[in-house]
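Engineer: Compact mmCIF, C-alpha atoms and all ligand atoms, file entry-v5.txt:
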```txt
# COMPACT_ATOMS: atom_id res chain seq x y z
CA MET A 1 9.28 2.16 25.95
CA SER A 2 7.64 -1.17 25.22
CA ILE A 3 4.98 -1.37 22.54
CA GLU A 4 2.87 -3.07 25.21
CA ASP A 5 2.61 0.36 26.84
CA LEU A 6 1.42 2.15 23.71
CA ARG A 7 -2.28 2.73 24.03
CA LEU A 8 -4.75 5.47 23.23
CA GLU A 9 -8.13 6.15 24.73
CA TYR A 10 -10.76 6.87 22.10
CA ALA A 11 -13.07 9.69 23.07
CA ARG A 12 -13.85 11.63 19.91
CA GLY A 13 -17.37 10.45 19.27
CA ALA A 14 -19.83 7.61 19.15
CA LEU A 15 -22.04 5.66 16.79
CA ASP A 16 -25.57 4.77 17.76
CA GLU A 17 -28.21 2.73 15.93
CA SER A 18 -30.32 5.88 15.87
CA ASP A 19 -27.52 7.89 14.14
CA VAL A 20 -26.75 5.63 11.22
CA ALA A 21 -28.33 6.03 7.79
CA LEU A 22 -30.81 3.40 6.58
CA ASP A 23 -28.57 2.83 3.60
CA PRO A 24 -24.93 1.81 4.23
CA PHE A 25 -23.70 3.66 1.11
CA THR A 26 -25.12 6.90 2.54
CA GLN A 27 -23.43 6.14 5.84
CA PHE A 28 -20.13 5.38 4.06
CA ASN A 29 -20.25 8.59 2.02
CA LYS A 30 -20.96 10.62 5.15
CA TRP A 31 -17.94 9.16 6.95
CA LEU A 32 -15.70 9.47 3.86
CA ASP A 33 -16.69 13.16 3.51
CA GLU A 34 -15.91 13.70 7.18
CA ALA A 35 -12.51 12.00 6.76
CA ILE A 36 -11.73 14.26 3.77
CA LYS A 37 -12.83 17.38 5.70
CA ALA A 38 -10.75 16.30 8.71
CA GLN A 39 -7.74 16.13 6.33
CA VAL A 40 -7.04 12.51 7.13
CA ARG A 41 -3.96 11.55 5.08
CA GLU A 42 -5.00 9.38 2.11
CA PRO A 43 -8.66 9.15 3.16
CA THR A 44 -9.42 6.89 0.18
CA ALA A 45 -6.69 4.38 1.08
CA MET A 46 -8.18 1.00 1.91
CA THR A 47 -6.82 -2.42 2.68
CA VAL A 48 -7.93 -4.91 0.01
CA ALA A 49 -7.85 -8.51 1.20
CA THR A 50 -8.01 -11.40 -1.25
CA ILE A 51 -7.64 -15.16 -1.17
CA ASP A 52 -5.00 -16.86 -3.33
CA PRO A 53 -5.95 -20.02 -5.24
CA ASP A 54 -4.25 -22.15 -2.53
CA GLY A 55 -6.31 -20.44 0.20
CA THR A 56 -3.57 -18.09 1.42
CA PRO A 57 -5.04 -14.72 2.41
CA SER A 58 -3.19 -11.58 1.34
CA ALA A 59 -3.80 -7.89 1.91
CA ARG A 60 -2.50 -4.61 0.55
CA ILE A 61 -3.55 -0.97 0.30
CA ALA A 62 -5.25 0.44 -2.81
CA LEU A 63 -6.99 3.74 -3.43
CA LEU A 64 -10.76 3.93 -3.75
CA LYS A 65 -11.58 5.73 -7.00
CA GLY A 66 -15.34 5.59 -7.04
CA VAL A 67 -18.32 4.46 -5.01
CA ASP A 68 -22.01 4.25 -5.79
CA GLN A 69 -24.82 1.79 -5.17
CA SER A 70 -23.16 -0.71 -7.52
CA GLY A 71 -19.97 -0.87 -5.45
CA PHE A 72 -16.47 0.28 -4.59
CA VAL A 73 -14.01 0.79 -7.45
CA PHE A 74 -10.21 0.56 -7.44
CA PHE A 75 -7.68 0.21 -10.25
CA THR A 76 -4.73 -2.11 -10.53
CA ASN A 77 -2.81 -4.57 -12.67
CA TYR A 78 -4.98 -7.57 -13.57
CA ASP A 79 -1.88 -9.81 -13.69
CA SER A 80 -0.80 -8.83 -10.16
CA ARG A 81 -1.06 -11.17 -7.19
CA LYS A 82 -4.42 -9.62 -6.25
CA GLY A 83 -5.61 -9.84 -9.87
CA ARG A 84 -4.77 -13.54 -10.03
CA ALA A 85 -6.41 -14.11 -6.66
CA ILE A 86 -9.63 -12.36 -7.73
CA ALA A 87 -9.72 -14.32 -11.01
CA ALA A 88 -9.80 -17.53 -8.96
CA ASN A 89 -11.97 -16.28 -6.11
CA PRO A 90 -13.77 -12.93 -6.45
CA ARG A 91 -14.67 -12.68 -2.74
CA VAL A 92 -12.75 -9.81 -1.18
CA ALA A 93 -12.74 -7.64 1.91
CA LEU A 94 -12.00 -3.91 2.14
CA CYS A 95 -11.01 -2.03 5.27
CA PHE A 96 -10.68 1.71 5.85
CA TRP A 97 -8.99 3.16 8.97
CA TRP A 98 -9.50 6.87 9.60
CA GLY A 99 -7.34 7.14 12.72
CA GLU A 100 -7.80 10.87 13.28
CA LEU A 101 -11.54 10.22 13.55
CA GLU A 102 -11.16 6.93 15.42
CA ARG A 103 -13.24 5.16 12.79
CA GLN A 104 -12.94 1.94 10.82
CA VAL A 105 -15.18 0.68 8.01
CA ARG A 106 -15.13 -2.96 6.90
CA ILE A 107 -16.77 -4.13 3.70
CA GLU A 108 -17.08 -7.63 2.28
CA GLY A 109 -18.23 -8.37 -1.22
CA VAL A 110 -17.64 -9.77 -4.65
CA ALA A 111 -15.22 -8.16 -7.11
CA SER A 112 -15.70 -8.01 -10.86
CA LYS A 113 -13.78 -6.17 -13.58
CA VAL A 114 -15.25 -2.81 -14.60
CA SER A 115 -15.90 -2.31 -18.32
CA ASP A 116 -12.97 -1.55 -20.65
CA ASP A 117 -14.56 1.86 -21.29
CA GLU A 118 -14.64 2.68 -17.59
CA SER A 119 -11.00 1.63 -17.17
CA ALA A 120 -9.94 3.60 -20.26
CA ARG A 121 -11.83 6.68 -19.04
CA TYR A 122 -10.08 6.62 -15.67
CA PHE A 123 -6.67 5.74 -17.19
CA ALA A 124 -6.94 8.85 -19.40
CA THR A 125 -7.26 11.07 -16.28
CA ARG A 126 -4.08 9.74 -14.67
CA PRO A 127 -0.85 11.76 -14.73
CA ARG A 128 1.35 10.80 -17.69
CA ALA A 129 4.06 9.40 -15.38
CA SER A 130 1.52 7.03 -13.80
CA GLN A 131 0.29 5.96 -17.23
CA LEU A 132 3.86 5.11 -18.25
CA GLY A 133 4.38 3.35 -14.94
CA ALA A 134 1.44 1.06 -15.69
CA TRP A 135 3.24 -0.06 -18.86
CA ALA A 136 6.63 -0.31 -17.18
CA SER A 137 5.74 -2.27 -14.04
CA PRO A 138 5.24 -6.05 -14.13
CA GLN A 139 3.33 -5.67 -10.87
CA SER A 140 3.98 -8.46 -8.36
CA SER A 141 6.53 -10.24 -10.59
CA PRO A 142 10.23 -10.36 -9.67
CA VAL A 143 12.45 -7.69 -11.25
CA ARG A 144 16.22 -8.05 -11.26
CA ASP A 145 16.95 -4.63 -9.76
CA ARG A 146 15.91 -0.97 -9.75
CA ALA A 147 17.87 -0.44 -12.97
CA GLU A 148 15.65 -2.92 -14.79
CA LEU A 149 12.54 -1.03 -13.68
CA GLU A 150 14.01 2.28 -14.81
CA LYS A 151 14.97 0.76 -18.16
CA ARG A 152 11.41 -0.46 -18.62
CA LEU A 153 10.13 3.05 -17.86
CA ALA A 154 12.61 4.62 -20.30
CA ASP A 155 11.51 2.13 -22.99
CA ALA A 156 7.85 3.03 -22.42
CA LYS A 157 8.69 6.75 -22.60
CA ALA A 158 10.61 6.25 -25.86
CA ARG A 159 7.76 4.19 -27.33
CA TYR A 160 5.14 6.88 -26.73
CA GLY A 161 7.23 10.05 -27.21
CA GLU A 162 4.79 12.93 -26.82
CA GLY A 163 1.82 10.92 -28.11
CA PRO A 164 -1.19 9.72 -26.17
CA ILE A 165 -0.70 6.61 -24.02
CA GLU A 166 -3.33 3.92 -24.33
CA ARG A 167 -4.43 1.80 -21.39
CA PRO A 168 -2.44 -1.42 -21.06
CA PRO A 169 -4.78 -4.39 -21.53
CA HIS A 170 -3.57 -5.81 -18.20
CA TRP A 171 -4.50 -2.66 -16.27
CA GLY A 172 -8.02 -1.76 -15.16
CA GLY A 173 -10.57 -1.51 -12.43
CA TYR A 174 -12.48 -3.80 -10.14
CA ARG A 175 -15.84 -3.02 -8.61
CA VAL A 176 -16.60 -4.66 -5.27
CA ALA A 177 -20.34 -5.22 -4.84
CA PRO A 178 -20.78 -5.34 -1.06
CA ASN A 179 -22.81 -7.88 0.86
CA ARG A 180 -21.77 -6.74 4.33
CA PHE A 181 -20.67 -3.45 5.91
CA GLU A 182 -19.46 -2.67 9.39
CA PHE A 183 -18.95 0.79 10.87
CA TRP A 184 -16.71 0.96 13.95
CA HIS A 185 -16.26 3.95 16.21
CA GLY A 186 -13.65 3.95 18.99
CA ARG A 187 -15.03 4.57 22.48
CA GLN A 188 -13.60 4.78 25.96
CA SER A 189 -12.39 1.70 27.87
CA ARG A 190 -12.42 -0.36 24.65
CA LEU A 191 -16.22 -0.43 24.70
CA HIS A 192 -16.29 0.56 21.06
CA ASP A 193 -19.40 0.94 18.90
CA ARG A 194 -19.87 -1.49 16.00
CA ILE A 195 -22.86 -1.38 13.69
CA ALA A 196 -23.06 -3.98 10.90
CA TYR A 197 -25.36 -3.88 7.86
CA LEU A 198 -26.54 -7.18 6.39
CA PRO A 199 -28.78 -7.60 3.35
CA HIS A 200 -32.34 -8.53 4.18
CA GLY A 201 -34.29 -9.00 0.95
CA PRO A 202 -34.19 -5.67 -0.86
CA VAL A 203 -33.20 -3.67 2.24
CA TRP A 204 -30.30 -3.60 4.67
CA ARG A 205 -30.77 -4.57 8.31
CA THR A 206 -28.44 -3.23 11.01
CA GLU A 207 -27.22 -4.97 14.11
CA ARG A 208 -24.91 -3.91 16.93
CA LEU A 209 -21.91 -6.14 17.55
CA GLY A 210 -19.88 -6.56 20.68
CA PRO A 211 -16.58 -4.73 20.47
C1 LIG B 301 -1.25 4.48 -0.01
C2 LIG B 301 -1.12 3.39 -1.05
C3 LIG B 301 -1.94 3.40 -2.17
C4 LIG B 301 -1.85 2.40 -3.12
N1 LIG B 301 -2.74 2.40 -4.17
C5 LIG B 301 -2.71 1.38 -5.06
C6 LIG B 301 -3.72 1.28 -6.06
O1 LIG B 301 -4.67 2.07 -6.13
N2 LIG B 301 -3.63 0.25 -6.95
C7 LIG B 301 -2.61 -0.68 -6.88
O2 LIG B 301 -2.58 -1.57 -7.71
N3 LIG B 301 -1.68 -0.63 -5.92
C8 LIG B 301 -1.70 0.37 -5.00
N4 LIG B 301 -0.77 0.41 -3.99
C9 LIG B 301 0.28 -0.63 -3.95
C10 LIG B 301 -0.29 -1.92 -3.34
O3 LIG B 301 -0.37 -1.77 -1.94
C11 LIG B 301 0.52 -3.17 -3.69
O4 LIG B 301 1.88 -2.99 -3.35
C12 LIG B 301 0.44 -3.51 -5.19
O5 LIG B 301 -0.86 -3.29 -5.71
C13 LIG B 301 0.83 -4.97 -5.43
O6 LIG B 301 0.00 -5.82 -4.65
P1 LIG B 301 -0.19 -7.38 -4.97
O7 LIG B 301 1.20 -7.91 -5.29
O8 LIG B 301 -0.74 -7.96 -3.73
O9 LIG B 301 -1.13 -7.49 -6.15
C14 LIG B 301 -0.86 1.39 -3.00
C15 LIG B 301 -0.04 1.37 -1.86
C16 LIG B 301 -0.17 2.35 -0.91
C17 LIG B 301 0.71 2.27 0.33
```
For this file, produce the structure as structure tokens.
Structural biologist:
Amino acid sequence: MSIEDLRLEYARGALDESDVALDPFTQFNKWLDEAIKAQVREPTAMTVATIDPDGTPSARIALLKGVDQSGFVFFTNYDSRKGRAIAANPRVALCFWWGELERQVRIEGVASKVSDDESARYFATRPRASQLGAWASPQSSPVRDRAELEKRLADAKARYGEGPIERPPHWGGYRVAPNRFEFWHGRQSRLHDRIAYLPHGPVWRTERLGP
């Protein structure tokens, strides 16, 4: 079978201007709750797109760990490729795809580091193996082989023994303060619904976009 012949019809729902919340965060939380209830696999997984200092775009998945009116929070290594990109250009885009619900959410905004306290608080809730991994992994830098990674993990384990593991200074969160949202719902015959939210003074204005 050719991939040209792979196609689905979307018929699970719709999105109308009259259905969406006035506030895009309310709308996002409603859809995220529905994705969790529908048991979408990794409902908090989102594509995070950044721009490297030379203008090259790059994208990868990260997990959303918090959302409120101040923005969307994820945690990572500040020295990673994405961390270096954000340091040079904090404009990022996020994209969620909840396939089982035939829904996509796109968000554009500006990323800034969360406070050290907020990063430390979240780091303390992570499983011990993930905490050690944050020390062991030189994220986005070349490593000779798997053995080198495992040696770095063993060294971190030996260093901490049974004691508490502090947050590495190069590991923490970013909060993306959005300036644009778009909610997409698959419809039949590719006539999908798209509702965008754009800031208009202190409120958000919605507009329908062609699919
Ligand atoms: C489902 C999933 C969840 C992930 N969650 C995170 C995350 O929360 N933080 C993170 O730094 N990387 C996460 N990753 C790994 C990233 O996709 C990526 O490989 C890593 O952050 C390095 O990206 P960079 O070199 O572009 O900085 C996740 C990957 C997948 C597939």
Engineer: List all protein, DNA and RNA residues that have an atom no more than 8 Å from any atom of ligand LIG 301 (chain B), counting all atoms listed in the file, and report them as a CSV table (one decimal) with C-alpha atoms, in the coordinates of the input.
Structural biologist:
```
chain,number,residue,atom,x,y,z
A,42,GLU,CA,-5.0,9.4,2.1
A,45,ALA,CA,-6.7,4.4,1.1
A,46,MET,CA,-8.2,1.0,1.9
A,47,THR,CA,-6.8,-2.4,2.7
A,58,SER,CA,-3.2,-11.6,1.3
A,59,ALA,CA,-3.8,-7.9,1.9
A,60,ARG,CA,-2.5,-4.6,0.6
A,61,ILE,CA,-3.6,-1.0,0.3
A,62,ALA,CA,-5.2,0.4,-2.8
A,63,LEU,CA,-7.0,3.7,-3.4
A,64,LEU,CA,-10.8,3.9,-3.8
A,65,LYS,CA,-11.6,5.7,-7.0
A,74,PHE,CA,-10.2,0.6,-7.4
A,75,PHE,CA,-7.7,0.2,-10.2
A,76,THR,CA,-4.7,-2.1,-10.5
A,77,ASN,CA,-2.8,-4.6,-12.7
A,79,ASP,CA,-1.9,-9.8,-13.7
A,80,SER,CA,-0.8,-8.8,-10.2
A,81,ARG,CA,-1.1,-11.2,-7.2
A,82,LYS,CA,-4.4,-9.6,-6.2
A,83,GLY,CA,-5.6,-9.8,-9.9
A,139,GLN,CA,3.3,-5.7,-10.9
A,140,SER,CA,4.0,-8.5,-8.4
A,141,SER,CA,6.5,-10.2,-10.6
```
Engineer: Under the rule of at most 6 Å, produce a per-residue listing of stretch 6-118 of chain A near stretch 168-181 of chain A: chain, number, name, the closest pair of atoms, and the distance in Å, as a tab-separated table, using all atoms listed in the file.
Structural biologist:
```
residue	atom	partner	partner_atom	distance
A:Ser70	CA	A:Ala177	CA	6.0
A:Gly71	CA	A:Ala177	CA	4.4
A:Phe72	CA	A:Val176	CA	5.0
A:Val73	CA	A:Arg175	CA	4.4
A:Phe74	CA	A:Gly173	CA	5.4
A:Phe75	CA	A:Gly173	CA	4.0
A:Thr76	CA	A:Gly172	CA	5.7
A:Asn77	CA	A:Trp171	CA	4.4
A:Tyr78	CA	A:His170	CA	5.2
A:Arg106	CA	A:Phe181	CA	5.6
A:Ile107	CA	A:Phe181	CA	4.5
A:Glu108	CA	A:Arg180	CA	5.2
A:Gly109	CA	A:Pro178	CA	4.0
A:Val110	CA	A:Val176	CA	5.3
A:Ala111	CA	A:Val176	CA	4.2
A:Ser112	CA	A:Tyr174	CA	5.3
A:Lys113	CA	A:Tyr174	CA	4.4
A:Val114	CA	A:Gly173	CA	5.3
```
Engineer: So which one's closest to A:Glu148, A:Tyr197, A:Ala136, A:Ala129, A:Arg190? Using all atoms listed in the file, please.
Structural biologist: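 The shortest atom-to-atom distance to A:Glu148 comes from A:Ala136.
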Engineer: So what do you get for atom CA of A:Tyr160 versus atom CA of A:Ala124, distance-wise?
Structural biologist: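 Interatomic distance here is 14.3 Å.
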Engineer: Using all atoms of stretch 24-40 of chain A that appear in the file, construct an axis-aligned enclosing box with 3 Å of padding on every side and provide its centre coordinates and edge lengths in Å, rounded to one decimal, as lines of an AutoDock Vina configuration file.
Structural biologist:
```
center_x = -16.1
center_y = 9.6
center_z = 4.9
size_x = 24.1
size_y = 21.6
size_z = 13.6
```
Engineer: Tell me which of A:Asp16, A:Met1, A:Pro142, A:Leu101 sits closest to A:Arg41, counting all atoms listed in the file.
Structural biologist: A:Leu101
Engineer: Go through A:Ile51, A:Tyr10, A:Ile165, A:Phe183 and flag the residue nearest A:Lys30, using only C-alpha atoms for the distances.
Structural biologist: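 Among the listed residues, A:Phe183 lies closest to A:Lys30.
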Engineer: Quick one: distance from atom CA of A:Gly161 to atom CA of A:Asp117 in Å, one decimal?
Structural biologist: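 Between these atoms lies a distance of 24.0 Å.
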Engineer: Excluding A:Phe28 and its own-chain neighbours fewer than 2 positions away, which residues fall within 12 Å of it when counting all atoms listed in the file? Please give them as a ChimeraX atom specification.
Structural biologist: /A:20-26,30-35,44,67-69,71-72,95-96,103-107,178,181-184,196-197
Engineer: Find the residue from A:Ala38, A:Ala158, A:Leu6, A:Ala134 that sits nearest to A:Trp98; use only C-alpha atoms when measuring.
Structural biologist: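 Counting only C-alpha atoms, the residue closest to A:Trp98 is A:Ala38.
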Engineer: What is the atom CA of A:Glu17-atom CA of A:Glu102 distance in Å, reported with one decimal?
Structural biologist: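 Separating atom CA of A:Glu17 from atom CA of A:Glu102 is a distance of 17.6 Å.
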Engineer: Nearest residue to A:Arg84 out of A:Ser137, A:Ile3, A:Gly201, A:Asp52, using only C-alpha atoms?
Structural biologist: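 Ranking A:Ser137, A:Ile3, A:Gly201, A:Asp52 by distance to A:Arg84, first place goes to A:Asp52.
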Engineer: For each of A:Leu198, A:Ala87, A:Ala120, A:Ala49, take the minimum atom-to-atom distance to A:Arg167, counting all atoms listed in the file, then give the residue where this is smallest.
Structural biologist: A:Ala120
Engineer: Excluding A:Leu149 and any residue of its chain fewer than 5 positions from it, enumerate the residues within 10 Å of it, using only C-alpha atoms, and give them as a VMD selection string.
Structural biologist: chain A and resid 133 136 to 138 143 to 144 154 to 155
Engineer: Generate N, CA and C atoms for stretch 25-51 of chain A and emit them as a compact mmCIF listing (two decimals), in the frame of the given file.
Structural biologist:
```
# COMPACT_ATOMS: atom_id res chain seq x y z
N PHE A 25 -24.49 2.81 2.02
CA PHE A 25 -23.70 3.66 1.11
C PHE A 25 -23.78 5.12 1.57
N THR A 26 -24.97 5.53 2.02
CA THR A 26 -25.12 6.90 2.54
C THR A 26 -24.24 7.08 3.76
N GLN A 27 -24.25 6.08 4.63
CA GLN A 27 -23.43 6.14 5.84
C GLN A 27 -21.94 6.21 5.47
N PHE A 28 -21.54 5.38 4.49
CA PHE A 28 -20.13 5.38 4.06
C PHE A 28 -19.74 6.75 3.51
N ASN A 29 -20.59 7.30 2.63
CA ASN A 29 -20.25 8.59 2.02
C ASN A 29 -20.15 9.70 3.06
N LYS A 30 -21.01 9.63 4.08
CA LYS A 30 -20.96 10.62 5.15
C LYS A 30 -19.60 10.52 5.88
N TRP A 31 -19.22 9.32 6.23
CA TRP A 31 -17.94 9.16 6.95
C TRP A 31 -16.75 9.50 6.05
N LEU A 32 -16.82 9.13 4.77
CA LEU A 32 -15.70 9.47 3.86
C LEU A 32 -15.59 11.00 3.75
N ASP A 33 -16.73 11.69 3.58
CA ASP A 33 -16.69 13.16 3.51
C ASP A 33 -16.07 13.74 4.77
N GLU A 34 -16.45 13.18 5.91
CA GLU A 34 -15.91 13.70 7.18
C GLU A 34 -14.40 13.44 7.28
N ALA A 35 -13.96 12.30 6.75
CA ALA A 35 -12.51 12.00 6.76
C ALA A 35 -11.77 12.99 5.85
N ILE A 36 -12.36 13.30 4.70
CA ILE A 36 -11.73 14.26 3.77
C ILE A 36 -11.67 15.63 4.45
N LYS A 37 -12.80 16.05 5.05
CA LYS A 37 -12.83 17.38 5.70
C LYS A 37 -11.86 17.45 6.87
N ALA A 38 -11.67 16.33 7.56
CA ALA A 38 -10.75 16.30 8.71
C ALA A 38 -9.29 16.22 8.25
N GLN A 39 -9.09 16.19 6.91
CA GLN A 39 -7.74 16.13 6.33
C GLN A 39 -6.96 14.90 6.78
N VAL A 40 -7.70 13.80 6.91
CA VAL A 40 -7.04 12.51 7.13
C VAL A 40 -6.10 12.29 5.94
N ARG A 41 -4.89 11.81 6.19
CA ARG A 41 -3.96 11.55 5.08
C ARG A 41 -4.45 10.32 4.31
N GLU A 42 -4.52 10.45 2.99
CA GLU A 42 -5.00 9.38 2.11
C GLU A 42 -6.35 8.81 2.58
N PRO A 43 -7.38 9.64 2.64
CA PRO A 43 -8.66 9.15 3.16
C PRO A 43 -9.29 8.04 2.30
N THR A 44 -8.85 7.94 1.04
CA THR A 44 -9.42 6.89 0.18
C THR A 44 -8.58 5.61 0.21
N ALA A 45 -7.52 5.59 1.01
CA ALA A 45 -6.69 4.38 1.08
C ALA A 45 -7.43 3.29 1.85
N MET A 46 -7.46 2.12 1.26
CA MET A 46 -8.18 1.00 1.91
C MET A 46 -7.34 -0.26 1.78
N THR A 47 -7.43 -1.10 2.78
CA THR A 47 -6.82 -2.42 2.68
C THR A 47 -7.75 -3.29 1.84
N VAL A 48 -7.16 -3.97 0.86
CA VAL A 48 -7.93 -4.91 0.01
C VAL A 48 -7.41 -6.31 0.32
N ALA A 49 -8.25 -7.15 0.86
CA ALA A 49 -7.85 -8.51 1.20
C ALA A 49 -8.44 -9.48 0.19
N THR A 50 -7.58 -10.40 -0.26
CA THR A 50 -8.01 -11.40 -1.25
C THR A 50 -7.57 -12.78 -0.78
N ILE A 51 -8.01 -13.78 -1.51
CA ILE A 51 -7.64 -15.16 -1.17
C ILE A 51 -6.96 -15.79 -2.39
```
